[in-house]
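Coordinates from data_18.cif are shown below (mmCIF, N, CA, C and O atoms).
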```
data_upload
#
loop_
_atom_site.label_atom_id
_atom_site.label_comp_id
_atom_site.auth_asym_id
_atom_site.auth_seq_id
_atom_site.Cartn_x
_atom_site.Cartn_y
_atom_site.Cartn_z
N MET A 3 64.87 99.25 81.39
CA MET A 3 64.73 98.09 82.24
C MET A 3 66.11 97.51 82.48
O MET A 3 66.92 97.43 81.59
N SER A 4 66.34 97.08 83.69
CA SER A 4 67.62 96.49 84.06
C SER A 4 67.41 95.07 84.54
O SER A 4 66.57 94.81 85.39
N ALA A 5 68.16 94.17 83.97
CA ALA A 5 68.11 92.77 84.39
C ALA A 5 69.39 92.44 85.15
O ALA A 5 70.48 92.84 84.73
N ILE A 6 69.26 91.75 86.22
CA ILE A 6 70.41 91.35 87.03
C ILE A 6 70.56 89.84 86.92
O ILE A 6 69.59 89.10 87.07
N ILE A 7 71.78 89.41 86.65
CA ILE A 7 72.08 87.98 86.58
C ILE A 7 73.13 87.66 87.63
O ILE A 7 73.88 88.54 88.05
N PRO A 8 73.20 86.42 88.07
CA PRO A 8 74.22 86.06 89.06
C PRO A 8 75.62 86.30 88.51
O PRO A 8 75.85 86.23 87.30
N GLU A 9 76.55 86.56 89.39
CA GLU A 9 77.93 86.79 88.97
C GLU A 9 78.64 85.46 88.83
O GLU A 9 79.54 85.13 89.59
N GLU A 10 78.20 84.69 87.87
CA GLU A 10 78.72 83.36 87.60
C GLU A 10 79.01 83.25 86.11
O GLU A 10 78.40 83.94 85.30
N GLU A 11 79.90 82.36 85.76
CA GLU A 11 80.19 82.13 84.34
C GLU A 11 79.02 81.40 83.69
O GLU A 11 78.65 81.65 82.55
N VAL A 12 78.43 80.46 84.42
CA VAL A 12 77.28 79.69 83.93
C VAL A 12 76.16 79.85 84.94
O VAL A 12 76.37 79.73 86.15
N PHE A 13 74.96 80.11 84.46
CA PHE A 13 73.80 80.17 85.34
C PHE A 13 72.59 79.64 84.59
O PHE A 13 72.60 79.53 83.37
N TYR A 14 71.57 79.30 85.32
CA TYR A 14 70.37 78.73 84.74
C TYR A 14 69.16 79.61 85.06
O TYR A 14 69.08 80.19 86.13
N THR A 15 68.24 79.65 84.14
CA THR A 15 67.00 80.36 84.35
C THR A 15 65.91 79.32 84.56
O THR A 15 65.78 78.38 83.78
N VAL A 16 65.16 79.49 85.63
CA VAL A 16 64.09 78.55 85.95
C VAL A 16 62.81 79.35 86.13
O VAL A 16 62.80 80.37 86.83
N GLY A 17 61.77 78.92 85.49
CA GLY A 17 60.48 79.58 85.65
C GLY A 17 59.47 78.61 86.23
O GLY A 17 59.29 77.51 85.70
N LEU A 18 58.86 78.97 87.32
CA LEU A 18 57.82 78.16 87.93
C LEU A 18 56.50 78.86 87.71
O LEU A 18 56.24 79.91 88.29
N LEU A 19 55.69 78.29 86.85
CA LEU A 19 54.42 78.92 86.50
C LEU A 19 53.28 78.07 87.06
O LEU A 19 53.09 76.93 86.65
N HIS A 20 52.58 78.60 87.99
CA HIS A 20 51.47 77.91 88.62
C HIS A 20 50.18 78.63 88.26
O HIS A 20 50.18 79.82 87.97
N SER A 21 49.10 77.90 88.31
CA SER A 21 47.80 78.55 88.18
C SER A 21 47.05 78.31 89.48
O SER A 21 47.26 77.32 90.17
N SER A 22 46.22 79.25 89.80
CA SER A 22 45.46 79.13 91.04
C SER A 22 44.09 79.76 90.86
O SER A 22 43.86 80.52 89.92
N GLY A 23 43.26 79.44 91.77
CA GLY A 23 41.96 80.07 91.81
C GLY A 23 42.02 81.30 92.69
O GLY A 23 43.08 81.70 93.18
N PHE A 24 40.91 81.88 92.91
CA PHE A 24 40.85 83.10 93.70
C PHE A 24 41.25 82.88 95.15
O PHE A 24 41.89 83.73 95.76
N ASP A 25 40.91 81.73 95.71
CA ASP A 25 41.10 81.50 97.14
C ASP A 25 42.36 80.74 97.53
O ASP A 25 42.66 80.63 98.71
N ASP A 26 43.11 80.17 96.57
CA ASP A 26 44.24 79.34 96.95
C ASP A 26 45.60 79.95 96.61
O ASP A 26 46.60 79.24 96.55
N TRP A 27 45.66 81.24 96.45
CA TRP A 27 46.93 81.89 96.12
C TRP A 27 47.94 81.81 97.27
O TRP A 27 49.14 81.75 97.04
N GLN A 28 47.46 81.79 98.51
CA GLN A 28 48.37 81.78 99.66
C GLN A 28 49.24 80.52 99.67
O GLN A 28 50.42 80.57 100.03
N GLU A 29 48.68 79.40 99.27
CA GLU A 29 49.45 78.15 99.21
C GLU A 29 50.64 78.30 98.25
O GLU A 29 51.75 77.87 98.55
N LEU A 30 50.41 78.93 97.10
CA LEU A 30 51.48 79.14 96.13
C LEU A 30 52.50 80.17 96.65
O LEU A 30 53.71 80.01 96.45
N GLU A 31 52.02 81.18 97.32
CA GLU A 31 52.93 82.17 97.92
C GLU A 31 53.81 81.52 98.98
O GLU A 31 55.02 81.78 99.05
N ASP A 32 53.23 80.65 99.79
CA ASP A 32 53.99 79.94 100.81
C ASP A 32 55.04 79.03 100.19
O ASP A 32 56.17 78.94 100.67
N LYS A 33 54.68 78.35 99.11
CA LYS A 33 55.63 77.46 98.42
C LYS A 33 56.78 78.27 97.84
O LYS A 33 57.94 77.87 97.92
N ASN A 34 56.48 79.42 97.27
CA ASN A 34 57.53 80.28 96.73
C ASN A 34 58.48 80.74 97.83
O ASN A 34 59.70 80.70 97.67
N ASN A 35 57.92 81.15 98.96
CA ASN A 35 58.76 81.58 100.09
C ASN A 35 59.60 80.43 100.62
O ASN A 35 60.75 80.63 101.03
N GLU A 36 59.06 79.22 100.61
CA GLU A 36 59.82 78.05 101.04
C GLU A 36 61.02 77.82 100.11
O GLU A 36 62.13 77.54 100.58
N LEU A 37 60.82 77.97 98.81
CA LEU A 37 61.92 77.81 97.85
C LEU A 37 62.99 78.88 98.06
O LEU A 37 64.19 78.60 98.01
N LEU A 38 62.56 80.13 98.30
CA LEU A 38 63.52 81.21 98.53
C LEU A 38 64.32 80.97 99.81
O LEU A 38 65.53 81.19 99.84
N ARG A 39 63.64 80.51 100.87
CA ARG A 39 64.34 80.18 102.12
C ARG A 39 65.35 79.06 101.92
O ARG A 39 66.47 79.11 102.41
N TYR A 40 64.95 78.03 101.18
CA TYR A 40 65.84 76.90 100.92
C TYR A 40 67.12 77.38 100.22
O TYR A 40 68.22 77.00 100.61
N CYS A 41 66.95 78.20 99.20
CA CYS A 41 68.11 78.72 98.47
C CYS A 41 69.01 79.54 99.40
O CYS A 41 70.23 79.38 99.40
N ASP A 42 68.40 80.40 100.20
CA ASP A 42 69.16 81.23 101.13
C ASP A 42 69.93 80.39 102.15
O ASP A 42 71.10 80.60 102.39
N GLU A 43 69.25 79.40 102.73
CA GLU A 43 69.86 78.56 103.76
C GLU A 43 70.96 77.66 103.21
O GLU A 43 71.83 77.22 103.95
N ASN A 44 70.93 77.39 101.91
CA ASN A 44 71.91 76.49 101.30
C ASN A 44 72.91 77.19 100.41
O ASN A 44 73.63 76.55 99.64
N GLY A 45 72.96 78.53 100.51
CA GLY A 45 73.97 79.29 99.77
C GLY A 45 73.79 79.31 98.27
O GLY A 45 74.76 79.47 97.53
N ILE A 46 72.57 79.13 97.82
CA ILE A 46 72.29 79.14 96.38
C ILE A 46 71.95 80.58 95.98
O ILE A 46 70.95 81.14 96.45
N ASP A 47 72.80 81.19 95.16
CA ASP A 47 72.59 82.58 94.74
C ASP A 47 71.49 82.62 93.69
O ASP A 47 71.57 81.94 92.67
N ILE A 48 70.45 83.37 93.97
CA ILE A 48 69.34 83.49 93.04
C ILE A 48 69.04 84.96 92.77
O ILE A 48 69.39 85.83 93.56
N LYS A 49 68.40 85.21 91.67
CA LYS A 49 67.90 86.53 91.33
C LYS A 49 66.46 86.35 90.90
O LYS A 49 66.17 85.60 89.98
N GLN A 50 65.56 87.03 91.57
CA GLN A 50 64.15 86.94 91.21
C GLN A 50 63.85 87.90 90.06
O GLN A 50 64.38 88.99 90.00
N TYR A 51 62.96 87.49 89.19
CA TYR A 51 62.57 88.33 88.06
C TYR A 51 61.82 89.57 88.54
O TYR A 51 62.09 90.66 88.11
N ARG A 52 60.89 89.39 89.43
CA ARG A 52 60.13 90.52 89.96
C ARG A 52 60.17 90.47 91.48
O ARG A 52 59.19 90.10 92.13
N PRO A 53 61.29 90.85 92.05
CA PRO A 53 61.41 90.76 93.51
C PRO A 53 60.55 91.79 94.23
O PRO A 53 60.19 92.82 93.68
N HIS A 54 60.24 91.49 95.46
CA HIS A 54 59.46 92.39 96.31
C HIS A 54 60.24 92.58 97.62
O HIS A 54 59.97 91.91 98.60
N TYR A 55 61.21 93.47 97.58
CA TYR A 55 62.03 93.71 98.75
C TYR A 55 61.49 94.91 99.52
O TYR A 55 60.87 95.80 98.96
N ASN A 56 61.77 94.91 100.82
CA ASN A 56 61.25 95.96 101.70
C ASN A 56 62.31 96.86 102.30
O ASN A 56 61.98 97.79 103.02
N THR A 57 63.58 96.58 102.03
CA THR A 57 64.64 97.41 102.61
C THR A 57 65.70 97.73 101.56
O THR A 57 65.85 97.02 100.56
N LEU A 58 66.45 98.77 101.82
CA LEU A 58 67.55 99.15 100.95
C LEU A 58 68.58 98.02 100.90
O LEU A 58 69.12 97.71 99.83
N GLU A 59 68.84 97.39 102.02
CA GLU A 59 69.82 96.31 102.08
C GLU A 59 69.43 95.15 101.16
O GLU A 59 70.29 94.55 100.51
N GLU A 60 68.14 94.84 101.11
CA GLU A 60 67.69 93.76 100.22
C GLU A 60 67.91 94.13 98.76
O GLU A 60 68.35 93.30 97.96
N TRP A 61 67.64 95.38 98.40
CA TRP A 61 67.87 95.81 97.01
C TRP A 61 69.35 95.82 96.69
O TRP A 61 69.77 95.41 95.61
N GLU A 62 70.18 96.29 97.61
CA GLU A 62 71.63 96.29 97.39
C GLU A 62 72.14 94.87 97.19
O GLU A 62 72.98 94.62 96.33
N SER A 63 71.63 93.94 97.97
CA SER A 63 72.03 92.55 97.83
C SER A 63 71.58 91.99 96.48
O SER A 63 72.32 91.26 95.82
N HIS A 64 70.39 92.34 96.05
CA HIS A 64 69.86 91.87 94.77
C HIS A 64 70.77 92.32 93.61
O HIS A 64 71.11 91.53 92.74
N PHE A 65 71.17 93.58 93.62
CA PHE A 65 71.98 94.12 92.53
C PHE A 65 73.47 93.82 92.71
O PHE A 65 74.24 93.92 91.76
N GLY A 66 73.88 93.47 93.93
CA GLY A 66 75.27 93.09 94.17
C GLY A 66 76.24 94.17 93.76
O GLY A 66 76.04 95.36 94.03
N SER A 67 77.31 93.77 93.09
CA SER A 67 78.36 94.71 92.69
C SER A 67 77.88 95.73 91.67
O SER A 67 78.55 96.74 91.44
N LYS A 68 76.72 95.50 91.09
CA LYS A 68 76.17 96.43 90.07
C LYS A 68 75.29 97.52 90.69
O LYS A 68 74.78 98.38 89.98
N TRP A 69 75.10 97.48 92.02
CA TRP A 69 74.22 98.44 92.67
C TRP A 69 74.65 99.88 92.41
O TRP A 69 73.82 100.72 92.07
N SER A 70 75.91 100.19 92.57
CA SER A 70 76.35 101.59 92.41
C SER A 70 76.15 102.06 90.97
O SER A 70 75.77 103.21 90.74
N ILE A 71 76.38 101.21 90.00
CA ILE A 71 76.14 101.57 88.60
C ILE A 71 74.65 101.84 88.38
O ILE A 71 74.26 102.83 87.77
N PHE A 72 73.82 100.94 88.90
CA PHE A 72 72.37 101.09 88.77
C PHE A 72 71.89 102.39 89.41
O PHE A 72 71.12 103.15 88.82
N LYS A 73 72.37 102.64 90.61
CA LYS A 73 71.99 103.86 91.35
C LYS A 73 72.45 105.11 90.62
O LYS A 73 71.71 106.09 90.51
N ASP A 74 73.68 105.09 90.09
CA ASP A 74 74.20 106.25 89.35
C ASP A 74 73.39 106.53 88.08
O ASP A 74 73.13 107.69 87.74
N ARG A 75 73.01 105.48 87.40
CA ARG A 75 72.20 105.66 86.18
C ARG A 75 70.82 106.19 86.50
O ARG A 75 70.28 107.01 85.76
N LYS A 76 70.25 105.74 87.59
CA LYS A 76 68.95 106.26 88.02
C LYS A 76 69.07 107.76 88.31
O LYS A 76 68.22 108.55 87.89
N ALA A 77 70.11 108.16 89.00
CA ALA A 77 70.32 109.58 89.32
C ALA A 77 70.53 110.41 88.06
O ALA A 77 70.05 111.54 87.97
N LEU A 78 71.21 109.84 87.09
CA LEU A 78 71.49 110.57 85.84
C LEU A 78 70.26 110.70 84.96
O LEU A 78 69.94 111.78 84.47
N PHE A 79 69.53 109.60 84.77
CA PHE A 79 68.43 109.58 83.81
C PHE A 79 67.05 109.81 84.42
O PHE A 79 66.09 110.06 83.71
N ASP A 80 66.93 109.72 85.73
CA ASP A 80 65.65 109.93 86.40
C ASP A 80 65.87 110.57 87.78
O ASP A 80 65.55 109.99 88.81
N PRO A 81 66.44 111.77 87.80
CA PRO A 81 66.80 112.39 89.08
C PRO A 81 65.61 112.65 90.00
O PRO A 81 65.77 112.70 91.22
N LYS A 82 64.43 112.81 89.45
CA LYS A 82 63.25 113.04 90.29
C LYS A 82 62.58 111.74 90.73
O LYS A 82 61.58 111.76 91.42
N LYS A 83 63.13 110.62 90.28
CA LYS A 83 62.63 109.29 90.65
C LYS A 83 61.14 109.12 90.36
O LYS A 83 60.38 108.62 91.19
N ILE A 84 60.75 109.52 89.14
CA ILE A 84 59.34 109.40 88.79
C ILE A 84 59.06 108.20 87.86
O ILE A 84 57.92 107.80 87.72
N LEU A 85 60.11 107.64 87.25
CA LEU A 85 59.92 106.50 86.36
C LEU A 85 59.99 105.19 87.13
O LEU A 85 60.77 105.04 88.07
N SER A 86 59.18 104.24 86.74
CA SER A 86 59.17 102.89 87.33
C SER A 86 59.09 102.88 88.85
O SER A 86 59.93 102.29 89.53
N PRO A 87 58.04 103.47 89.41
CA PRO A 87 57.94 103.48 90.87
C PRO A 87 57.39 102.17 91.46
O PRO A 87 57.46 101.97 92.66
N GLY A 88 56.89 101.27 90.62
CA GLY A 88 56.17 100.08 91.08
C GLY A 88 56.91 99.19 92.05
O GLY A 88 56.33 98.70 93.01
N GLN A 89 58.20 98.95 91.82
CA GLN A 89 58.93 98.05 92.71
C GLN A 89 59.52 98.78 93.91
O GLN A 89 60.08 98.15 94.79
N LYS A 90 59.43 100.08 93.92
CA LYS A 90 59.85 100.89 95.07
C LYS A 90 61.33 100.74 95.40
O LYS A 90 61.72 100.81 96.56
N VAL A 91 62.16 100.54 94.38
CA VAL A 91 63.59 100.37 94.59
C VAL A 91 64.19 101.61 95.23
O VAL A 91 65.00 101.51 96.14
N PHE A 92 63.78 102.79 94.78
CA PHE A 92 64.45 104.01 95.21
C PHE A 92 63.69 104.80 96.27
O PHE A 92 64.04 105.92 96.55
N GLN A 93 62.72 104.21 96.88
CA GLN A 93 62.03 104.91 97.97
C GLN A 93 62.90 104.97 99.21
O GLN A 93 62.64 105.73 100.12
N TYR A 94 63.95 104.16 99.26
CA TYR A 94 64.80 104.09 100.44
C TYR A 94 66.00 105.02 100.37
O TYR A 94 66.76 105.11 101.32
N ILE A 95 66.18 105.69 99.22
CA ILE A 95 67.37 106.54 99.04
C ILE A 95 66.98 107.99 99.17
O ILE A 95 66.00 108.44 98.69
#
```
Go ahead and express the file in the form of structure tokens.
Amino acid sequence: MSAIIPEEEVFYTVGLLHSSGFDDWQELEDKNNELLRYCDENGIDIKQYRPHYNTLEEWESHFGSKWSIFKDRKALFDPKKILSPGQKVFQYI
């Protein structure tokens, strides 16, 4: 497992834990997207614990300067890309 942290000397971890019923999950999803947009629009560097990116560029941005190291380790230790397929990080390569 690889954890990515911001390239800062000091950073904070924030966890927003909500509970919802079966039918009101969209409201929480919308609130989460609003927070992500706010951070992006205001230059606040964030790293999501379980991101859901859809493009190679989004994954490269998430890993930042560590992307090439991460990619090289994946090629070395999982060349067939069969481990940890859930987040689909390497479907774009």
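Across the structure, atom N of Asn35 (chain A) and atom C of Thr15 (chain A) are spaced 16.6 Å apart.
Computed from the coordinates, the atom N of Val91 (chain A) to CA of Gly23 (chain A) distance equals 28.9 Å.
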Gap from atom N of Ser21 (chain A) to CA of Ser86 (chain A) - Å, one decimal: 27.0 Å
message: Can you tell me, as a ChimeraX atom specification, which residues in chain A count as alpha helix (DSSP H) by DSSP?
response: /A:27-43,58-65,69-79
task: Please evaluate the PyMOL selection byres ((chain A and resi 39-52) around 7) against the displayed coordinates and give the resulting residues as a ChimeraX atom specification.
output: /A:4,6-8,16,33-38,53-55,63-64
query: Given the choices A:Lys90, A:Trp27, A:Val12, A:Phe72, which gets closest to Asn56 (chain A) if the distance is worked out from all atoms listed in the file?
result: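 Smallest distance to Asn56 (chain A) is found for A:Lys90.
Counting only N, CA, C and O atoms, the residue from A:Phe92, A:Ala5, A:Asp80, A:Asp26 that sits nearest to Phe65 (chain A) is A:Ala5.
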